[in-house]
Structures are given as C-alpha cells and as structure tokens.
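*Asks:* My questions all concern the structure below.
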Amino acid sequence: MFIVITGLDGSGTSTVAKELNKIDEGSVVLKTPSIEFSGRDQIDTEVRETSQLAHYLFYLSSVVYMSNKVKKTLDYKNKNVYCVRYLIDTVVSHQVAGLDVELDYSKYGILKPDLTIFVSLDENVREQRITERGKSILDKVLDDSGTRNGFLGRFDDLLDKEKTIFFDNTDKDIGSNILKLYDEILKRSE
C-alpha cells in the first residue's frame with residue numbers, strides 16, 4: 001500500500017513513519033520534498049513572498065517527482081511505502097495562503113494514496129516540540145491560531161475520511177500506540 005502520513009508541523013509525522021518502518025518489515029519511508037529538493041531557504045522566503053504560485057509549483061514538482069518514485073518503489077519492492085507529506089500538504093498550505101488550487105491527483109498523473117494517516121496532538125505539546133527542535137520560517141506560520149485553525153479546517157475538508165486513520169501522538173510512549181496503528185493498517189489492507 002501507498003500510505004501518506006500528514007499533520008501539522010511538529011505533530012510527529014516523521015517519528016510515526018520511522019516507528020512504522022521498524023515494525024513493517026521491508027517497508028520504505030520517503031518524504032516530500034525529498035533531498036533532491038533541498039536548499040529551500042530562498043524558496044520559502046524570497047520566492048514565497050514574491051509569488052505564492054511559484055512557491056506552490058516548486059512544492060508541486062516535488063510531489064510529482066515523489067509520485068513517480070513511489071510508483072517505481074511499489075513495483076520493485078511490493079511492500080508498503082510510507083510518505084511523510086504529499087499533495088494534500090502542498091494544497092492545504094497554499095489554499096490557506098490564499099491560492100486557488102485543488103486536491104486533484106489526476107492532474108499530472110499523481111499517484112493517489114491508498115491510505116492517509118493524519119497525526120495530531122495536543123497543541124501545547126506540539127508547540128513545545130517544535131520550539132525545542134527550532135522553528136523554520138514555515139513553522140512560524142502556525143504560531144497564529146487563525147492560520148493554524150485554517151490548516152486544520154482545510155485538512156478536515158480534504159481528507160477522505162473512509163481512507164484516513166486519525167492518530168493521536170500526544171503520548172510520549174508511542175510504542176504501543178504504533179502497534180495499534182499498524183494493526184489498523186493491516187486491517188485496511190485486507
């Protein structure tokens with residue numbers, strides 16, 4: 001299965017992906033934008049401030065690239081592929097920024113996920129975690145509660161509820177919760 005892991009910055013999407021990878025033998029973890037799209041400081045500052053559309057197209061291109069990488073990985077490995085951040089993240093962040101874009105997987109032949117895991121946690125815990133790791137320019141956008149609620153509202157509108165598992169990552173000991181999450185993934189794959 002192709003499984004996208006998403007949530008607000010600092011919710012623990014990368015940690016959830018790593019933990020699932022540990023128990024899901026042979027699985028692969030990918031992330032958008034991938035290393036091939038590194039060096040985003042100017043993209044997230046100058047380009048974003050000058051043209052939201054150019055900023056969107058950069059991130060969209062990273063999703064198109066990842067879609068093709070996922071397709072090849074699924075064909076080659078025939079194992080679960082977990083992808084941290086994907087098209088929904090790109091669309092949500094740019095819709096909240098005021099850009100008129102849609103969640104359309106058919107455009108550009110983007111692979112639609114079989115399942116999405118939406119990672120959430122208590123806002124005070126999320127804020128503490130993200131402050132400890134250091135906030136990027138885009139992380140600071142979520143400091144505003146109106147913007148943060150805008151993100152959550154757009155996710156709520158765009159997520160396919162039948163193909164989404166909502167995972168609360170507030171508990172520091174996520175081991176047993178990850179096992180429950182993996183059991184749910186197995187049930188959904190049948």
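We name chains A, B, ... following the order of the structure tokens; residues begin at 1 in each chain, and ligands are numbered from 1 as shown.
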Please list as number ranges by chain every residue within 10 Å of stretch 152-160 of chain A, counting only C-alpha atoms and excluding residues in the same chain fewer than 4 positions away.

*Replies:* A: 6-8, 88-89, 91-93, 95-96, 102-103, 115-118, 120, 146-148, 164-165

*Asks:* So that I can check the secondary structure, give me every residue of stretch 26-88 of chain A assigned strand (DSSP E or B) by backbone DSSP, as a list in words.

*Replies:* Val28, Val29, Leu30, Lys31, Val81, Tyr82, Cys83 and Val84 of chain A

*Asks:* Which residue, A:Lys180, A:Arg48, A:Lys135, A:Lys31, has the smallest gap to A:Arg85 when you use only C-alpha atoms?

*Replies:*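 Comparing A:Lys180, A:Arg48, A:Lys135, A:Lys31 against A:Arg85, the winner is A:Lys31.
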
*Asks:* Quick one: residues within 7 Å of A:Gly12, only C-alpha atoms counted, chain neighbours fewer than 2 positions away excluded, as a compact mmCIF listing (two decimals) with C-alpha atoms, in the first residue's frame?

*Replies:*
```
# COMPACT_ATOMS: atom_id res chain seq x y z
CA GLY A 10 5.68 19.31 14.79
CA SER A 14 8.48 11.69 10.68
CA THR A 15 8.61 9.85 14.01
CA VAL A 16 5.44 7.92 13.21
CA VAL A 119 -1.18 12.73 13.03
CA ASN A 169 0.54 11.36 19.01
```

*Asks:* Find the residue from A:Gly109, A:Gly134, A:Gly98, A:Gly175 that sits nearest to A:Ile23; use only C-alpha atoms when measuring.

*Replies:*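 Among the listed residues, the smallest separation from A:Ile23 belongs to A:Gly175.
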
*Asks:* One number please: atom CA of A:Tyr86 to atom CA of A:Val125, in Å, one decimal.

*Replies:*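 Between atom CA of A:Tyr86 and atom CA of A:Val125 the gap is 23.8 Å.
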
*Asks:* When you draw a straight line from atom CA of A:Ala54 to atom CA of A:Asp104, how long is it in Å?

*Replies:* 18.1 Å

*Asks:* Of the residues A:Asp168, A:Glu36, A:Glu162, A:Asp122, which is the one nearest to A:Phe58, using only C-alpha atoms?

*Replies:*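 Smallest separation from A:Phe58 among the options: A:Glu36.
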
*Asks:* Please provide the set of residues having any atom within 8 Å of A:His94, restricted to only C-alpha atoms, with same-chain residues fewer than 6 positions apart removed, written as a ChimeraX atom specification.

*Replies:* /A:52,56,100-101

*Asks:* Could the residues in this selection be saved with all heavy atoms as a tab-separated table (two decimals), in the first residue's frame?

*Replies:*
```tsv
chain	number	residue	atom	x	y	z
A	52	GLN	N	3.30	33.36	-4.59
A	52	GLN	CA	2.78	32.13	-3.98
A	52	GLN	C	2.66	31.04	-5.04
A	52	GLN	O	2.88	29.86	-4.74
A	52	GLN	CB	1.39	32.38	-3.35
A	52	GLN	CG	1.45	32.97	-1.97
A	52	GLN	CD	1.98	32.00	-0.94
A	52	GLN	OE1	2.00	30.78	-1.10
A	52	GLN	NE2	2.44	32.55	0.17
A	56	TYR	N	4.17	27.37	-4.82
A	56	TYR	CA	3.32	26.18	-4.99
A	56	TYR	C	3.89	25.25	-6.05
A	56	TYR	O	3.97	24.03	-5.85
A	56	TYR	CB	1.90	26.61	-5.36
A	56	TYR	CG	1.02	25.48	-5.79
A	56	TYR	CD1	0.51	24.56	-4.86
A	56	TYR	CD2	0.67	25.31	-7.12
A	56	TYR	CE1	-0.30	23.51	-5.26
A	56	TYR	CE2	-0.15	24.27	-7.53
A	56	TYR	CZ	-0.63	23.37	-6.60
A	56	TYR	OH	-1.43	22.33	-7.00
A	100	ASP	N	-5.74	29.64	-5.20
A	100	ASP	CA	-6.87	28.83	-5.66
A	100	ASP	C	-6.34	27.56	-6.34
A	100	ASP	O	-6.16	27.53	-7.56
A	100	ASP	CB	-7.74	29.65	-6.63
A	100	ASP	CG	-8.99	28.90	-7.06
A	100	ASP	OD1	-9.38	27.93	-6.38
A	100	ASP	OD2	-9.58	29.28	-8.09
A	101	VAL	N	-6.07	26.53	-5.52
A	101	VAL	CA	-5.58	25.25	-6.03
A	101	VAL	C	-6.47	24.14	-5.48
A	101	VAL	O	-7.11	24.30	-4.45
A	101	VAL	CB	-4.10	25.00	-5.63
A	101	VAL	CG1	-3.19	25.99	-6.33
A	101	VAL	CG2	-3.90	25.07	-4.13
```

*Asks:* Hey, which of A:Val63, A:Ile137, A:Val47, A:Val70 ends up closest to A:Tyr82? Count only C-alpha atoms.

*Replies:*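 Among the listed residues, A:Val70 lies closest to A:Tyr82.
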
*Asks:* A:Asp41, A:Ile178, A:Ser106, A:Thr32: which is nearest A:Lys18, counting only C-alpha atoms?

*Replies:*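 Looking only at the distances to A:Lys18, the closest residue turns out to be A:Ile178.
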
*Asks:* Run DSSP on the backbone and give me the residues of stretch 64-137 of chain A it puts in helix (DSSP H, G or I), as JSON, numbers by chain.

*Replies:* {"A": [64, 65, 66, 67, 68, 69, 70, 71, 72, 73, 74, 75, 76, 77, 87, 88, 89, 90, 91, 92, 93, 94, 95, 96, 107, 108, 109, 123, 124, 125, 126, 127, 128, 129, 130, 131, 132, 133, 137]}

*Asks:* Find the residues around A:Ala17 up to 9 Å (only C-alpha atoms counted), leave out those fewer than 4 positions away in its own chain, and share them as a list in words.

*Replies:*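 Near A:Ala17, the qualifying residues are Ile5, Gly12, Thr13, Asn21, Lys22, Val29, Leu30, Tyr82, Cys83 and Val84 of chain A.
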
*Asks:* Just all heavy atoms for this one: save the residues we selected as a PDB file, in the first residue's frame.

*Replies:*
```pdb
ATOM      1  N   ILE A   5       1.543  10.058   5.371  1.00  0.00           N
ATOM      2  CA  ILE A   5       1.479  10.474   6.771  1.00  0.00           C
ATOM      3  C   ILE A   5       1.553  11.996   6.796  1.00  0.00           C
ATOM      4  O   ILE A   5       2.508  12.585   6.300  1.00  0.00           O
ATOM      5  CB  ILE A   5       2.618   9.847   7.599  1.00  0.00           C
ATOM      6  CG1 ILE A   5       2.553   8.319   7.486  1.00  0.00           C
ATOM      7  CG2 ILE A   5       2.534  10.296   9.058  1.00  0.00           C
ATOM      8  CD1 ILE A   5       3.709   7.591   8.130  1.00  0.00           C
ATOM      9  N   GLY A  12       4.750  15.111  14.645  1.00  0.00           N
ATOM     10  CA  GLY A  12       5.461  13.842  14.762  1.00  0.00           C
ATOM     11  C   GLY A  12       5.292  12.925  13.574  1.00  0.00           C
ATOM     12  O   GLY A  12       5.452  11.710  13.693  1.00  0.00           O
ATOM     13  N   THR A  13       5.021  13.480  12.409  1.00  0.00           N
ATOM     14  CA  THR A  13       4.823  12.647  11.220  1.00  0.00           C
ATOM     15  C   THR A  13       6.065  11.819  10.889  1.00  0.00           C
ATOM     16  O   THR A  13       5.951  10.632  10.577  1.00  0.00           O
ATOM     17  CB  THR A  13       4.425  13.509  10.006  1.00  0.00           C
ATOM     18  OG1 THR A  13       5.407  14.539   9.820  1.00  0.00           O
ATOM     19  CG2 THR A  13       3.055  14.127  10.195  1.00  0.00           C
ATOM     20  N   ASN A  21       8.042   1.962  10.096  1.00  0.00           N
ATOM     21  CA  ASN A  21       9.065   1.296   9.289  1.00  0.00           C
ATOM     22  C   ASN A  21       9.804   0.217  10.080  1.00  0.00           C
ATOM     23  O   ASN A  21      10.160  -0.832   9.545  1.00  0.00           O
ATOM     24  CB  ASN A  21      10.029   2.354   8.746  1.00  0.00           C
ATOM     25  CG  ASN A  21      11.122   1.776   7.893  1.00  0.00           C
ATOM     26  OD1 ASN A  21      12.295   1.839   8.250  1.00  0.00           O
ATOM     27  ND2 ASN A  21      10.757   1.218   6.759  1.00  0.00           N
ATOM     28  N   LYS A  22       9.994   0.471  11.387  1.00  0.00           N
ATOM     29  CA  LYS A  22      10.682  -0.511  12.243  1.00  0.00           C
ATOM     30  C   LYS A  22       9.894  -1.812  12.364  1.00  0.00           C
ATOM     31  O   LYS A  22      10.484  -2.892  12.421  1.00  0.00           O
ATOM     32  CB  LYS A  22      10.900   0.053  13.649  1.00  0.00           C
ATOM     33  CG  LYS A  22      11.990   1.078  13.763  1.00  0.00           C
ATOM     34  CD  LYS A  22      12.089   1.546  15.211  1.00  0.00           C
ATOM     35  CE  LYS A  22      13.019   2.714  15.388  1.00  0.00           C
ATOM     36  NZ  LYS A  22      13.025   3.213  16.776  1.00  0.00           N
ATOM     37  N   VAL A  29      10.345   4.329   3.685  1.00  0.00           N
ATOM     38  CA  VAL A  29       9.896   5.648   4.120  1.00  0.00           C
ATOM     39  C   VAL A  29      10.483   6.698   3.182  1.00  0.00           C
ATOM     40  O   VAL A  29      11.694   6.725   2.945  1.00  0.00           O
ATOM     41  CB  VAL A  29      10.319   5.958   5.578  1.00  0.00           C
ATOM     42  CG1 VAL A  29       9.951   7.388   5.950  1.00  0.00           C
ATOM     43  CG2 VAL A  29       9.684   4.975   6.541  1.00  0.00           C
ATOM     44  N   LEU A  30       9.610   7.542   2.650  1.00  0.00           N
ATOM     45  CA  LEU A  30      10.012   8.645   1.789  1.00  0.00           C
ATOM     46  C   LEU A  30       9.416   9.932   2.356  1.00  0.00           C
ATOM     47  O   LEU A  30       8.546   9.877   3.230  1.00  0.00           O
ATOM     48  CB  LEU A  30       9.502   8.411   0.360  1.00  0.00           C
ATOM     49  CG  LEU A  30       9.992   7.130  -0.318  1.00  0.00           C
ATOM     50  CD1 LEU A  30       9.240   6.884  -1.617  1.00  0.00           C
ATOM     51  CD2 LEU A  30      11.483   7.181  -0.569  1.00  0.00           C
ATOM     52  N   TYR A  82       5.619   4.376   2.953  1.00  0.00           N
ATOM     53  CA  TYR A  82       5.129   5.465   3.790  1.00  0.00           C
ATOM     54  C   TYR A  82       5.757   6.753   3.283  1.00  0.00           C
ATOM     55  O   TYR A  82       6.974   6.817   3.114  1.00  0.00           O
ATOM     56  CB  TYR A  82       5.522   5.252   5.258  1.00  0.00           C
ATOM     57  CG  TYR A  82       4.948   3.991   5.854  1.00  0.00           C
ATOM     58  CD1 TYR A  82       5.710   2.832   5.954  1.00  0.00           C
ATOM     59  CD2 TYR A  82       3.639   3.969   6.315  1.00  0.00           C
ATOM     60  CE1 TYR A  82       5.185   1.671   6.507  1.00  0.00           C
ATOM     61  CE2 TYR A  82       3.099   2.807   6.878  1.00  0.00           C
ATOM     62  CZ  TYR A  82       3.880   1.663   6.962  1.00  0.00           C
ATOM     63  OH  TYR A  82       3.349   0.518   7.504  1.00  0.00           O
ATOM     64  N   CYS A  83       4.933   7.758   3.041  1.00  0.00           N
ATOM     65  CA  CYS A  83       5.443   9.038   2.563  1.00  0.00           C
ATOM     66  C   CYS A  83       5.004  10.137   3.522  1.00  0.00           C
ATOM     67  O   CYS A  83       3.806  10.353   3.732  1.00  0.00           O
ATOM     68  CB  CYS A  83       4.935   9.327   1.155  1.00  0.00           C
ATOM     69  SG  CYS A  83       5.620  10.837   0.446  1.00  0.00           S
ATOM     70  N   VAL A  84       5.974  10.794   4.116  1.00  0.00           N
ATOM     71  CA  VAL A  84       5.707  11.906   5.016  1.00  0.00           C
ATOM     72  C   VAL A  84       5.499  13.153   4.157  1.00  0.00           C
ATOM     73  O   VAL A  84       6.392  13.552   3.429  1.00  0.00           O
ATOM     74  CB  VAL A  84       6.879  12.119   6.001  1.00  0.00           C
ATOM     75  CG1 VAL A  84       6.612  13.322   6.890  1.00  0.00           C
ATOM     76  CG2 VAL A  84       7.124  10.866   6.821  1.00  0.00           C
TER      77      VAL A  84
END
```

*Asks:* Which of these residues is nearest to A:Ser11, using only C-alpha atoms: A:Thr131, A:Ser27, A:Ser145, A:Ser176?

*Replies:* A:Thr131

*Asks:* What is the distance between atom CA of A:Val81 and atom CA of A:Phe2, in Å to one decimal?

*Replies:* 5.0 Å

*Asks:* Can you tell me which residues surround stretch 44-46 of chain A at a distance of at most 8 Å, considering only C-alpha atoms, apart from same-chain residues fewer than 3 positions away, and format the answer as a PDB file with N, CA, C and O atoms, in the first residue's frame?

*Replies:*
```pdb
ATOM      1  N   ARG A  40      15.931  24.872   0.403  1.00  0.00           N
ATOM      2  CA  ARG A  40      14.668  25.562   0.172  1.00  0.00           C
ATOM      3  C   ARG A  40      14.584  26.930   0.842  1.00  0.00           C
ATOM      4  O   ARG A  40      13.536  27.572   0.783  1.00  0.00           O
ATOM      5  N   ASP A  41      15.631  27.397   1.466  1.00  0.00           N
ATOM      6  CA  ASP A  41      15.552  28.659   2.198  1.00  0.00           C
ATOM      7  C   ASP A  41      15.052  29.808   1.323  1.00  0.00           C
ATOM      8  O   ASP A  41      14.156  30.549   1.717  1.00  0.00           O
ATOM      9  N   GLU A  49       7.444  35.042  -0.891  1.00  0.00           N
ATOM     10  CA  GLU A  49       6.989  36.421  -0.716  1.00  0.00           C
ATOM     11  C   GLU A  49       6.673  37.101  -2.047  1.00  0.00           C
ATOM     12  O   GLU A  49       5.788  37.942  -2.129  1.00  0.00           O
ATOM     13  N   THR A  50       7.384  36.724  -3.096  1.00  0.00           N
ATOM     14  CA  THR A  50       7.194  37.332  -4.413  1.00  0.00           C
ATOM     15  C   THR A  50       6.041  36.688  -5.173  1.00  0.00           C
ATOM     16  O   THR A  50       5.251  37.379  -5.816  1.00  0.00           O
ATOM     17  N   HIS A  55       5.970  29.405  -5.554  1.00  0.00           N
ATOM     18  CA  HIS A  55       6.218  28.585  -4.360  1.00  0.00           C
ATOM     19  C   HIS A  55       5.437  27.271  -4.456  1.00  0.00           C
ATOM     20  O   HIS A  55       5.975  26.184  -4.233  1.00  0.00           O
ATOM     21  N   ILE A 137      10.919  28.998   8.975  1.00  0.00           N
ATOM     22  CA  ILE A 137      10.052  30.105   8.566  1.00  0.00           C
ATOM     23  C   ILE A 137       8.617  29.628   8.413  1.00  0.00           C
ATOM     24  O   ILE A 137       7.674  30.279   8.863  1.00  0.00           O
ATOM     25  N   LEU A 138       8.437  28.475   7.783  1.00  0.00           N
ATOM     26  CA  LEU A 138       7.084  27.958   7.576  1.00  0.00           C
ATOM     27  C   LEU A 138       6.462  27.462   8.881  1.00  0.00           C
ATOM     28  O   LEU A 138       5.240  27.531   9.047  1.00  0.00           O
TER      29      LEU A 138
END
```
